[in-house]
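First comes the structure, then the notes that go with it.
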Amino acid sequence: KMSAVTKAASKLASGAKKYYVIVASKDHVMRGKKEGFCQACHGKKAPLSKMQPGDGVVFYSPKLHYQPKTEGKPAARAPKEEQLRAFTAIGHVDEKEPYVAPDMPPGFWRRNVVFQENTDAPIASLINQLEFTRVASPPWGLLMRRGFFEISKNDFELIGSHMIKK
């Protein structure tokens, strides 16, 4: 027997053909959620073009706030109080094709997303259950560093069942 939460996550996944994870700081995810769009890999078009209308997308936030590189060096590891490591938003890709972000420098692309109401879901409680954390090649931590990758329907539904509250 399916719980109401599992049914809601399953309904969200039912019309999708593919499912993706976008990795971004929570502040960036929340801005996109508020305005109904997503960006991937610092505004690259290619990941957004892979997604099709109706595909499922979940957002993973390793930290609370974006920390830019300084003088060509990678950003330092986020201090403990900035670390989050949780799925922070979920939804599906809207009909509109990727478009140039009107409020960003040239070369930043966006795609509209219909977001669901959700709560954050820490990855720690899901690591031993998710396919991509158990069998990923490369290991899932390196996979997350790509900023965008495909996941299974089962993983999408499992994450959704921890995020969507009835």
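As shown in the structure tokens, the chain order sets the letters A, B, ...; within each chain, residues go from 1, and ligands are also counted from 1 in the order they appear.
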
> Among chain A, which residues carry a DSSP assignment of alpha helix (DSSP H), reported as a ChimeraX atom specification?
Replying inline: /A:4-14,26-35,45-50,131-135,140-145,153-163

>> For A:Gly56, find every residue with an atom within 10 Å (counting only C-alpha atoms), except residues of its own chain fewer than 2 positions away, and show them as a list in words.
In response: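 Contacts, in chain order: Leu12, Ala13, Ser14, Gly15, Ala16, Lys17, Lys18, Tyr19, Tyr20, Val21, Met51, Gln52, Pro53, Gly54, Val58, Ile90, Gly91, His92, Val93, Asp94, Val113, Val114, Phe115, Glu150, Ile151, Lys153, Phe156 and Glu157 of chain A.
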
With C-alpha atoms kept, could you save the residues just selected as a PDB file, in the first residue's frame?
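again22.pdb, written as the output of this step:
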```pdb
ATOM      1  CA  LEU A  12       5.287  13.932 -10.053  1.00  0.00           C
ATOM      2  CA  ALA A  13       7.470  11.327 -11.782  1.00  0.00           C
ATOM      3  CA  SER A  14       4.716   9.713 -13.865  1.00  0.00           C
ATOM      4  CA  GLY A  15       4.760  12.049 -16.879  1.00  0.00           C
ATOM      5  CA  ALA A  16       8.528  12.403 -17.090  1.00  0.00           C
ATOM      6  CA  LYS A  17      10.738  10.465 -19.482  1.00  0.00           C
ATOM      7  CA  LYS A  18      14.051  11.325 -17.830  1.00  0.00           C
ATOM      8  CA  TYR A  19      15.145  12.619 -14.451  1.00  0.00           C
ATOM      9  CA  TYR A  20      18.017  14.924 -13.566  1.00  0.00           C
ATOM     10  CA  VAL A  21      19.919  16.370 -10.620  1.00  0.00           C
ATOM     11  CA  MET A  51      16.096  18.225 -20.641  1.00  0.00           C
ATOM     12  CA  GLN A  52      12.719  17.920 -22.345  1.00  0.00           C
ATOM     13  CA  PRO A  53       9.322  19.289 -21.287  1.00  0.00           C
ATOM     14  CA  GLY A  54       7.908  17.162 -18.478  1.00  0.00           C
ATOM     15  CA  VAL A  58      15.672  17.694  -8.400  1.00  0.00           C
ATOM     16  CA  ILE A  90      11.936  19.422  -7.027  1.00  0.00           C
ATOM     17  CA  GLY A  91       9.769  19.896 -10.080  1.00  0.00           C
ATOM     18  CA  HIS A  92       9.457  19.266 -13.788  1.00  0.00           C
ATOM     19  CA  VAL A  93      10.701  21.037 -16.895  1.00  0.00           C
ATOM     20  CA  ASP A  94       8.245  23.483 -18.465  1.00  0.00           C
ATOM     21  CA  VAL A 113      10.653  24.723 -14.189  1.00  0.00           C
ATOM     22  CA  VAL A 114       7.322  24.089 -12.483  1.00  0.00           C
ATOM     23  CA  PHE A 115       8.342  23.585  -8.868  1.00  0.00           C
ATOM     24  CA  GLU A 150      20.736  11.951 -15.032  1.00  0.00           C
ATOM     25  CA  ILE A 151      19.222   9.673 -12.375  1.00  0.00           C
ATOM     26  CA  LYS A 153      12.995   7.132 -11.980  1.00  0.00           C
ATOM     27  CA  PHE A 156      13.694  10.546  -8.362  1.00  0.00           C
ATOM     28  CA  GLU A 157      10.641   9.023  -6.665  1.00  0.00           C
TER      29      GLU A 157
END
```

Each stretch 101-145 of chain A residue no farther than 6 Å from stretch 39-49 of chain A, nearest pair in Å, only C-alpha atoms, as a tab-separated table:
```
residue	atom	partner	partner_atom	distance
A:Phe108	CA	A:Gly43	CA	4.2
A:Trp109	CA	A:Gly43	CA	4.8
A:Arg110	CA	A:Gln39	CA	4.9
```

>> Report, in Å with one decimal, the straight-line distance from atom CA of A:Ala24 to atom CA of A:Tyr60.
In response: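 Between atom CA of A:Ala24 and atom CA of A:Tyr60 the gap works out to 6.4 Å.
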
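Residues in contact with stretch 117-121 of chain A at up to 10 Å, not including ones fewer than 6 positions away on its chain and judged by only C-alpha atoms, are Lys26, Lys33, Phe59, Tyr60, Ser61, Leu84, Arg85, Ala86, Phe87, Thr88, Ala89, Ile90, Gly91, Ile159, Gly160, Ser161, His162, Met163, Ile164, Lys165 and Lys166 of chain A.
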
>> So that I can check the secondary structure, give me every residue of chain A assigned strand (DSSP E or B) by backbone DSSP, as a PyMOL selection string.
In response: chain A and resi 19-23+37-38+56-63+70+73+83-93+99-100+109-115+121-122+148-151

> Quick one: of A:Phe37, A:Glu95, A:Lys50, A:Arg111, who's nearest to A:Phe149, counting only C-alpha atoms?
Replying inline: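 Once distances to A:Phe149 are computed over only C-alpha atoms, the minimum belongs to A:Lys50.
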